[in-house]
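What follows is the content of protein_28.cif, which has mmCIF, C-alpha atoms and all ligand atoms:
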```cif
data_work
#
loop_
_atom_site.label_atom_id
_atom_site.label_comp_id
_atom_site.auth_asym_id
_atom_site.auth_seq_id
_atom_site.Cartn_x
_atom_site.Cartn_y
_atom_site.Cartn_z
CA MET D 264 87.99 133.88 114.67
CA LYS D 265 91.65 133.95 113.77
CA MET D 266 93.77 131.45 115.60
CA ASN D 267 97.44 131.75 116.36
CA HIS D 268 98.40 128.12 115.95
CA ASP D 269 101.92 128.78 117.08
CA GLU D 270 100.61 129.35 120.58
CA LEU D 271 100.33 126.20 122.57
CA SER D 272 100.52 127.44 126.13
CA ASP D 273 102.62 125.57 128.66
CA SER D 274 99.57 124.69 130.74
CA CYS D 275 97.70 123.35 127.70
CA PHE D 276 100.80 121.35 126.70
CA GLN D 277 100.87 119.81 130.18
CA GLU D 278 97.21 118.89 129.85
CA LEU D 279 97.81 117.31 126.44
CA ARG D 280 100.82 115.39 127.82
CA ALA D 281 98.62 114.01 130.59
CA LEU D 282 95.90 113.02 128.10
CA ILE D 283 98.43 111.30 125.84
CA HIS D 284 99.72 109.34 128.80
CA GLU D 285 96.24 108.44 130.00
CA MET D 286 95.11 107.22 126.57
CA THR D 287 98.27 105.52 125.27
CA GLY D 288 100.81 105.12 128.07
CA ILE D 289 103.20 107.26 126.03
CA THR D 290 105.25 109.75 128.04
CA ILE D 291 106.11 112.88 126.07
CA ALA D 292 109.22 114.63 127.42
CA SER D 293 108.57 118.04 128.93
CA ASN D 294 110.75 119.71 126.26
CA ARG D 295 108.75 118.31 123.32
CA LYS D 296 106.06 120.98 123.12
CA SER D 297 106.80 121.66 119.46
CA LEU D 298 106.34 117.97 118.66
CA VAL D 299 102.85 117.91 120.16
CA GLN D 300 101.97 121.21 118.53
CA GLY D 301 103.22 119.97 115.15
CA ARG D 302 101.18 116.77 115.41
CA LEU D 303 97.94 118.55 116.38
CA ARG D 304 98.08 121.80 114.42
CA LYS D 305 96.40 120.52 111.24
CA ARG D 306 93.67 118.80 113.22
CA VAL D 307 92.85 121.93 115.22
CA LEU D 308 92.68 123.91 111.98
CA ALA D 309 90.54 121.26 110.27
CA LEU D 310 88.07 121.41 113.16
CA ALA D 311 88.11 125.24 112.88
CA LEU D 312 88.82 125.51 116.59
CA PRO D 313 90.21 128.84 117.78
CA SER D 314 92.83 127.45 120.18
CA TYR D 315 94.48 124.34 121.56
CA GLU D 316 92.50 124.87 124.76
CA ASP D 317 89.33 124.49 122.68
CA TYR D 318 90.77 121.35 121.17
CA VAL D 319 91.36 119.87 124.63
CA LEU D 320 87.74 120.62 125.50
CA HIS D 321 86.59 119.06 122.21
CA LEU D 322 88.70 115.97 122.93
CA LYS D 323 87.28 115.60 126.42
CA THR D 324 83.68 116.00 125.32
CA ASN D 325 83.67 114.07 122.01
CA HIS D 326 84.40 110.41 122.40
CA SER D 327 84.91 110.06 118.64
CA GLU D 328 87.86 112.48 118.75
CA LYS D 329 89.83 110.15 120.98
CA GLN D 330 90.86 107.83 118.16
CA ALA D 331 91.87 110.71 115.86
CA PHE D 332 94.00 112.08 118.71
CA ILE D 333 95.67 108.71 119.31
CA ASP D 334 96.36 108.35 115.57
CA LEU D 335 98.06 111.76 115.58
CA VAL D 336 100.19 111.44 118.70
CA THR D 337 101.60 107.98 118.02
CA THR D 338 104.83 107.58 116.06
CA ASN D 339 104.41 104.88 113.46
CA GLU D 340 107.84 104.59 111.90
CA THR D 341 108.61 101.05 110.73
CA SER D 342 110.08 99.07 107.85
CA PHE D 343 110.29 95.54 106.45
CA PHE D 344 112.91 93.38 108.18
CA ARG D 345 113.92 96.21 110.51
CA THR D 346 117.00 95.22 112.58
CA PRO D 347 118.29 92.36 110.35
CA ARG D 348 119.97 90.46 113.23
CA VAL D 349 116.58 89.75 114.76
CA TRP D 350 115.22 88.42 111.47
CA ASP D 351 118.24 86.14 111.05
CA TYR D 352 117.38 84.65 114.44
CA ILE D 353 113.69 84.19 113.56
CA GLU D 354 114.48 82.67 110.18
CA LYS D 355 117.49 80.51 110.99
CA VAL D 356 116.94 79.58 114.63
CA PHE D 357 113.46 80.23 115.96
CA ILE D 358 111.23 78.83 113.19
CA PRO D 359 113.32 75.70 112.45
CA GLU D 360 113.66 74.89 116.17
CA TRP D 361 109.96 75.44 116.79
CA PHE D 362 109.09 73.18 113.87
CA GLY D 363 111.54 70.57 115.16
CA ARG D 364 109.58 70.48 118.44
CA HIS D 365 106.02 70.79 117.15
CA ARG D 366 106.03 69.56 113.55
CA ASP D 367 102.42 69.59 112.30
CA GLN D 368 100.74 69.43 115.74
CA ARG D 369 99.49 73.03 115.60
CA PRO D 370 100.22 76.31 113.80
CA LEU D 371 103.04 78.56 114.97
CA ASN D 372 101.31 81.49 116.63
CA ILE D 373 102.99 84.92 116.46
CA TRP D 374 101.95 88.35 117.79
CA SER D 375 103.33 91.59 116.42
CA ALA D 376 102.26 93.70 119.39
CA ALA D 377 102.85 97.24 118.09
CA ALA D 378 102.40 96.53 114.42
CA SER D 379 102.29 100.09 113.08
CA SER D 380 101.50 99.90 109.32
CA GLY D 381 102.18 96.16 109.16
CA GLU D 382 105.71 95.81 107.75
CA GLU D 383 106.79 93.74 110.76
CA ALA D 384 103.83 91.34 110.61
CA HIS D 385 104.21 90.97 106.84
CA SER D 386 107.97 90.31 107.20
CA LEU D 387 106.99 87.50 109.58
CA GLY D 388 104.48 86.29 107.00
CA PHE D 389 107.14 86.16 104.29
CA LEU D 390 109.52 84.12 106.45
CA CYS D 391 106.81 81.71 107.57
CA GLN D 392 105.45 81.26 104.06
CA ALA D 393 108.95 80.56 102.68
CA PHE D 394 109.47 77.97 105.43
CA ARG D 395 106.07 76.43 104.68
CA GLU D 396 107.02 75.97 101.06
CA LEU D 397 109.96 73.84 102.19
CA HIS D 398 107.93 72.09 104.91
CA PRO D 399 104.30 71.83 103.75
CA SER D 400 103.09 70.51 107.11
CA PHE D 401 104.22 73.74 108.80
CA SER D 402 101.41 76.18 109.42
CA TYR D 403 101.33 79.62 111.00
CA SER D 404 99.07 82.37 112.22
CA ILE D 405 100.09 85.99 112.83
CA LEU D 406 98.23 88.58 114.88
CA GLY D 407 99.15 92.25 114.47
CA THR D 408 97.84 94.83 116.92
CA ASP D 409 98.29 98.56 117.37
CA ILE D 410 96.58 101.28 119.36
CA SER D 411 96.15 103.40 116.23
CA GLN D 412 93.01 102.59 114.23
CA GLU D 413 94.54 104.30 111.21
CA MET D 414 97.46 101.86 111.38
CA VAL D 415 95.24 98.82 111.90
CA THR D 416 93.14 99.79 108.88
CA ALA D 417 96.33 100.15 106.80
CA CYS D 418 97.53 96.73 107.99
CA GLN D 419 94.22 95.13 107.09
CA ALA D 420 94.43 96.51 103.54
CA GLY D 421 97.83 94.85 103.10
CA PHE D 422 98.72 97.56 100.56
CA PHE D 423 102.13 99.24 100.50
CA GLU D 424 103.08 102.26 98.42
CA VAL D 425 106.12 101.88 96.18
CA LYS D 426 108.43 103.92 98.42
CA ARG D 427 107.59 101.73 101.40
CA VAL D 428 108.71 98.55 99.63
CA GLU D 429 111.98 99.91 98.22
CA ASP D 430 114.04 98.35 101.04
CA LEU D 431 112.21 95.05 100.73
CA LYS D 432 112.87 95.01 96.99
CA LYS D 433 116.56 95.73 97.56
CA ASN D 434 117.24 93.54 100.60
CA ARG D 435 114.86 90.62 100.08
CA PRO D 436 114.10 90.63 96.34
CA GLU D 437 112.95 87.00 96.43
CA TYR D 438 110.09 87.83 98.81
CA PHE D 439 109.21 91.00 96.95
CA LEU D 440 108.88 89.11 93.66
CA LYS D 441 107.20 86.05 95.06
CA TYR D 442 104.84 87.40 97.69
CA THR D 443 103.73 90.83 96.44
CA ARG D 444 101.85 91.90 93.36
CA ALA D 445 101.76 95.38 91.78
CA GLU D 446 98.49 97.23 92.29
CA ARG D 447 97.38 100.89 92.19
CA GLY D 448 100.84 102.49 92.41
CA GLY D 449 102.02 100.12 95.10
CA VAL D 450 101.95 96.45 95.99
CA VAL D 451 99.56 94.11 97.74
CA VAL D 452 100.53 90.97 99.58
CA ARG D 453 99.62 87.61 98.09
CA PRO D 454 96.46 85.94 99.50
CA GLU D 455 98.29 82.83 100.76
CA ILE D 456 100.02 85.10 103.31
CA LYS D 457 97.22 87.61 103.82
CA THR D 458 94.78 84.91 104.96
CA ARG D 459 97.14 83.99 107.81
CA LEU D 460 97.46 87.55 109.09
CA LYS D 461 94.87 89.18 111.33
CA PHE D 462 94.94 92.79 112.57
CA VAL D 463 92.99 94.31 115.45
CA ARG D 464 93.19 97.47 117.49
CA HIS D 465 94.64 96.91 120.94
CA ASN D 466 96.19 98.97 123.70
CA LEU D 467 99.18 97.23 125.29
CA PHE D 468 97.98 98.27 128.74
CA MET D 469 94.71 96.37 128.32
CA ALA D 470 94.06 92.63 128.22
CA LEU D 471 94.05 91.14 124.75
CA PRO D 472 90.45 90.23 123.81
CA THR D 473 91.29 86.58 123.12
CA THR D 474 92.69 83.84 125.30
CA GLU D 475 95.19 82.58 122.74
CA LYS D 476 98.85 82.13 123.56
CA PHE D 477 101.77 82.97 121.34
CA ASP D 478 105.05 81.20 120.62
CA LEU D 479 106.71 84.43 119.58
CA ILE D 480 105.86 88.01 120.53
CA LEU D 481 107.47 91.03 118.90
CA LEU D 482 107.23 94.13 121.06
CA ARG D 483 109.62 96.35 119.20
CA ASN D 484 110.25 100.07 119.21
CA VAL D 485 107.32 100.92 121.44
CA LEU D 486 108.75 100.48 124.95
CA ILE D 487 110.98 103.53 124.26
CA TYR D 488 107.88 105.70 124.49
CA PHE D 489 107.04 104.46 127.99
CA THR D 490 108.59 105.15 131.40
CA PRO D 491 110.29 102.13 133.05
CA GLU D 492 107.25 101.81 135.33
CA ASP D 493 104.89 101.69 132.33
CA GLN D 494 107.23 99.35 130.45
CA LYS D 495 106.89 96.95 133.38
CA LYS D 496 103.08 97.22 133.26
CA ALA D 497 102.99 96.53 129.50
CA ILE D 498 105.34 93.55 129.85
CA GLU D 499 103.24 92.14 132.71
CA LYS D 500 100.10 92.33 130.55
CA LEU D 501 101.78 90.54 127.70
CA GLU D 502 103.77 87.91 129.61
CA PRO D 503 100.84 85.54 130.32
CA ARG D 504 100.12 85.42 126.57
CA LEU D 505 103.46 83.83 125.81
CA THR D 506 103.71 80.03 125.92
CA SER D 507 106.11 78.65 128.55
CA GLU D 508 108.77 78.08 125.90
CA GLY D 509 107.89 81.25 123.99
CA VAL D 510 110.21 84.05 122.95
CA LEU D 511 109.86 87.81 123.29
CA ILE D 512 111.77 90.17 121.01
CA ILE D 513 112.17 93.88 121.75
CA GLY D 514 113.49 96.81 119.74
CA GLU D 515 117.04 97.85 118.97
CA SER D 516 117.34 100.67 121.49
CA GLU D 517 115.32 98.92 124.19
CA SER D 518 116.29 96.69 127.10
CA LEU D 519 114.54 94.84 129.89
CA ALA D 520 117.69 95.04 132.05
CA SER D 521 116.48 97.89 134.23
CA ILE D 522 112.99 96.57 134.87
CA GLU D 523 112.02 93.65 137.00
CA THR D 524 110.38 90.99 134.78
CA ASP D 525 110.07 87.22 134.50
CA PHE D 526 112.23 87.20 131.38
CA LYS D 527 115.83 86.18 130.86
CA SER D 528 117.92 87.34 127.95
CA ILE D 529 118.90 84.56 125.52
CA ALA D 530 120.55 86.83 122.93
CA THR D 531 120.67 90.55 122.20
CA LEU D 532 117.05 91.84 122.15
CA ILE D 533 115.72 88.29 122.56
CA TYR D 534 114.14 86.98 125.77
CA ALA D 535 112.62 83.79 127.11
CA LYS D 536 110.53 83.23 130.22
CA SER D 537 112.78 82.70 133.25
CA ALA D 538 111.07 79.46 134.25
CA ALA D 539 111.28 77.96 130.73
C1 LIG P 1 107.61 103.03 116.11
S1 LIG P 1 106.24 101.99 115.85
C2 LIG P 1 107.00 100.39 115.90
C3 LIG P 1 106.52 99.48 114.79
C4 LIG P 1 107.21 98.12 114.70
N1 LIG P 1 106.99 97.34 115.90
C5 LIG P 1 108.68 98.27 114.43
O1 LIG P 1 109.48 97.99 115.31
O2 LIG P 1 109.04 98.68 113.32
C6 LIG P 1 105.41 102.08 117.43
C7 LIG P 1 103.96 101.68 117.35
O3 LIG P 1 103.48 101.48 118.68
C8 LIG P 1 102.12 101.89 118.71
N2 LIG P 1 101.74 102.13 120.11
C9 LIG P 1 102.07 103.17 120.92
N3 LIG P 1 101.51 103.04 122.12
C10 LIG P 1 100.81 101.88 122.10
C11 LIG P 1 99.99 101.19 123.04
N4 LIG P 1 99.79 101.67 124.28
N5 LIG P 1 99.42 100.05 122.67
C12 LIG P 1 99.60 99.54 121.42
N6 LIG P 1 100.35 100.14 120.48
C13 LIG P 1 100.96 101.30 120.82
C14 LIG P 1 102.09 103.11 117.83
O4 LIG P 1 100.80 103.40 117.36
C15 LIG P 1 103.08 102.75 116.72
O5 LIG P 1 102.43 102.26 115.58
#
```
Translate this file's structure into structure tokens.
Ligand SMILES: C[S@@+](CC[C@H](N)C(=O)[O-])C[C@H]1O[C@@H](n2cnc3c(N)ncnc32)[C@H](O)[C@@H]1O
Amino acid sequence: MKMNHDELSDSCFQELRALIHEMTGITIASNRKSLVQGRLRKRVLALALPSYEDYVLHLKTNHSEKQAFIDLVTTNETSFFRTPRVWDYIEKVFIPEWFGRHRDQRPLNIWSAAASSGEEAHSLGFLCQAFRELHPSFSYSILGTDISQEMVTACQAGFFEVKRVEDLKKNRPEYFLKYTRAERGGVVVRPEIKTRLKFVRHNLFMALPTTEKFDLILLRNVLIYFTPEDQKKAIEKLEPRLTSEGVLIIGESESLASIETDFKSIATLIYAKSAA
């Protein structure tokens, strides 16, 4: 049967929007039909389904399709040391101050809560490893999570194609040279950092499957996909996982100003618990 893949009906688009929201918390604007169509077109063709309506039925009746759908509808744009101001704070203020308080009592525990393909978590790894080389008693542990299994698998591999490390090479050449090694047309991250990074699949609207607490949580460039009401829900899920003196960092075009939370701003994009 020949399919006209340019025909995503309005009603089917509404159904897909609802499914995206139900599965990820992401709210797709009502004028973004072409975005959804563009993301799903190849998949519908690959499954040889005659229409988007058939795809919706397939998605609802095949549990295994859910993850493929989530992988397709999430936007995974990221880069090493994205938003430099935030990294200056982590490098020059947060890590030294944390070490000043805790010394070698326990490892610094960090969560990159929408890790995408891992550039953020690995940037954290580079900073922590560089600090550790100056202060050998400093130790760290980094958890990266994302709702997309495709992204989590990429993070776990710790492999980055050449074009994805161009900015790192240009902006932080010392880390590129020291902490990555050329392999198969790209680079892999050195084992001394890789062993301290862990990646698991996790939906921000669910409870994290561990009881650990974090000194620093990065929740960057994901809240923009949620309504204020859903942003509040995601923040409420994450808040108990932050230590009382912990810090939360959000993305460049995000703010907690319009939602009621237990956080107070300590610098642009940087928050601490109100009671701390
Ligand atoms: C634009 S990327 C941001 C990556 C990185 N934090 C940064 O700032 O560069 C957004 C990521 O959020 C993930 N995401 C979207 N909804 C999510 C949810 N409900 N739970 C966990 N991750 C989610 C997406 O899969 C995507 O990889």
7 Å contact set for segment 489-502 of chain D, only C-alpha atoms, chain neighbours under 5 positions out, as a list in words: Gly288, Ile289, Thr290, Leu467, Phe468, Ala470 and Ile522 of chain D
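With atom CA of Phe357 of chain D on one side and atom CA of Ala420 of chain D on the other, the separation reads 28.0 Å.
Across the structure, atom CA of Gln419 of chain D and atom CA of Phe394 of chain D are spaced 23.0 Å apart.
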Please write out the residues within 9 Å of ligand LIG 1 (chain P) as a compact mmCIF listing (two decimals) with C-alpha atoms, in the coordinates of the input, counting only C-alpha atoms and all ligand atoms.
```txt
# COMPACT_ATOMS: atom_id res chain seq x y z
CA HIS D 284 99.72 109.34 128.80
CA MET D 286 95.11 107.22 126.57
CA THR D 287 98.27 105.52 125.27
CA GLY D 288 100.81 105.12 128.07
CA ILE D 289 103.20 107.26 126.03
CA ILE D 333 95.67 108.71 119.31
CA ASP D 334 96.36 108.35 115.57
CA LEU D 335 98.06 111.76 115.58
CA VAL D 336 100.19 111.44 118.70
CA THR D 337 101.60 107.98 118.02
CA THR D 338 104.83 107.58 116.06
CA ASN D 339 104.41 104.88 113.46
CA GLU D 340 107.84 104.59 111.90
CA THR D 341 108.61 101.05 110.73
CA SER D 342 110.08 99.07 107.85
CA PHE D 343 110.29 95.54 106.45
CA PHE D 344 112.91 93.38 108.18
CA ARG D 345 113.92 96.21 110.51
CA THR D 346 117.00 95.22 112.58
CA SER D 375 103.33 91.59 116.42
CA ALA D 376 102.26 93.70 119.39
CA ALA D 377 102.85 97.24 118.09
CA ALA D 378 102.40 96.53 114.42
CA SER D 379 102.29 100.09 113.08
CA SER D 380 101.50 99.90 109.32
CA GLY D 381 102.18 96.16 109.16
CA GLU D 382 105.71 95.81 107.75
CA GLU D 383 106.79 93.74 110.76
CA ALA D 384 103.83 91.34 110.61
CA THR D 408 97.84 94.83 116.92
CA ASP D 409 98.29 98.56 117.37
CA ILE D 410 96.58 101.28 119.36
CA SER D 411 96.15 103.40 116.23
CA GLN D 412 93.01 102.59 114.23
CA GLU D 413 94.54 104.30 111.21
CA MET D 414 97.46 101.86 111.38
CA VAL D 415 95.24 98.82 111.90
CA ARG D 464 93.19 97.47 117.49
CA HIS D 465 94.64 96.91 120.94
CA ASN D 466 96.19 98.97 123.70
CA LEU D 467 99.18 97.23 125.29
CA PHE D 468 97.98 98.27 128.74
CA MET D 469 94.71 96.37 128.32
CA LEU D 481 107.47 91.03 118.90
CA LEU D 482 107.23 94.13 121.06
CA ARG D 483 109.62 96.35 119.20
CA ASN D 484 110.25 100.07 119.21
CA VAL D 485 107.32 100.92 121.44
CA LEU D 486 108.75 100.48 124.95
CA ILE D 487 110.98 103.53 124.26
CA TYR D 488 107.88 105.70 124.49
CA PHE D 489 107.04 104.46 127.99
CA ALA D 497 102.99 96.53 129.50
CA ILE D 513 112.17 93.88 121.75
CA GLY D 514 113.49 96.81 119.74
CA GLU D 515 117.04 97.85 118.97
```
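Shortest separation to Glu437 of chain D among D:Ile529, D:Arg366, D:Pro454, D:Ala393 occurs at residue D:Ala393, atoms counted being all atoms listed in the file.
Minimum atom-to-atom distance to Phe362 of chain D, evaluated using only C-alpha atoms, belongs to D:Phe401 out of D:Tyr438, D:Phe401, D:Trp374, D:Trp350.
Note that the spacing between atom CA of Lys461 of chain D and atom CA of Ala445 of chain D amounts to 21.6 Å.
The closest residue to Arg364 of chain D, picked from D:Leu390, D:Glu508, D:Ser537, D:Asp317 and counting all atoms listed in the file, is D:Glu508.
Those residues that approach Val428 of chain D to within 8 Å, counting all atoms listed in the file, are Phe343, Phe423, Glu424, Lys432 and Val450 of chain D; same-chain residues fewer than 4 positions away are not listed.
Proximity of D:Ser404, D:Asn294, D:Gln300, D:Thr474 to Glu455 of chain D, computed with only C-alpha atoms, is greatest for D:Ser404.
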Taking (97.8, 87.0, 124.1) as a centre in this file's frame and 6 Å as the limit, can you find every polymer residue with an atom that close, using all atoms listed in the file, and give them as JSON, numbers by chain? {"D": [471, 475, 476, 504]}
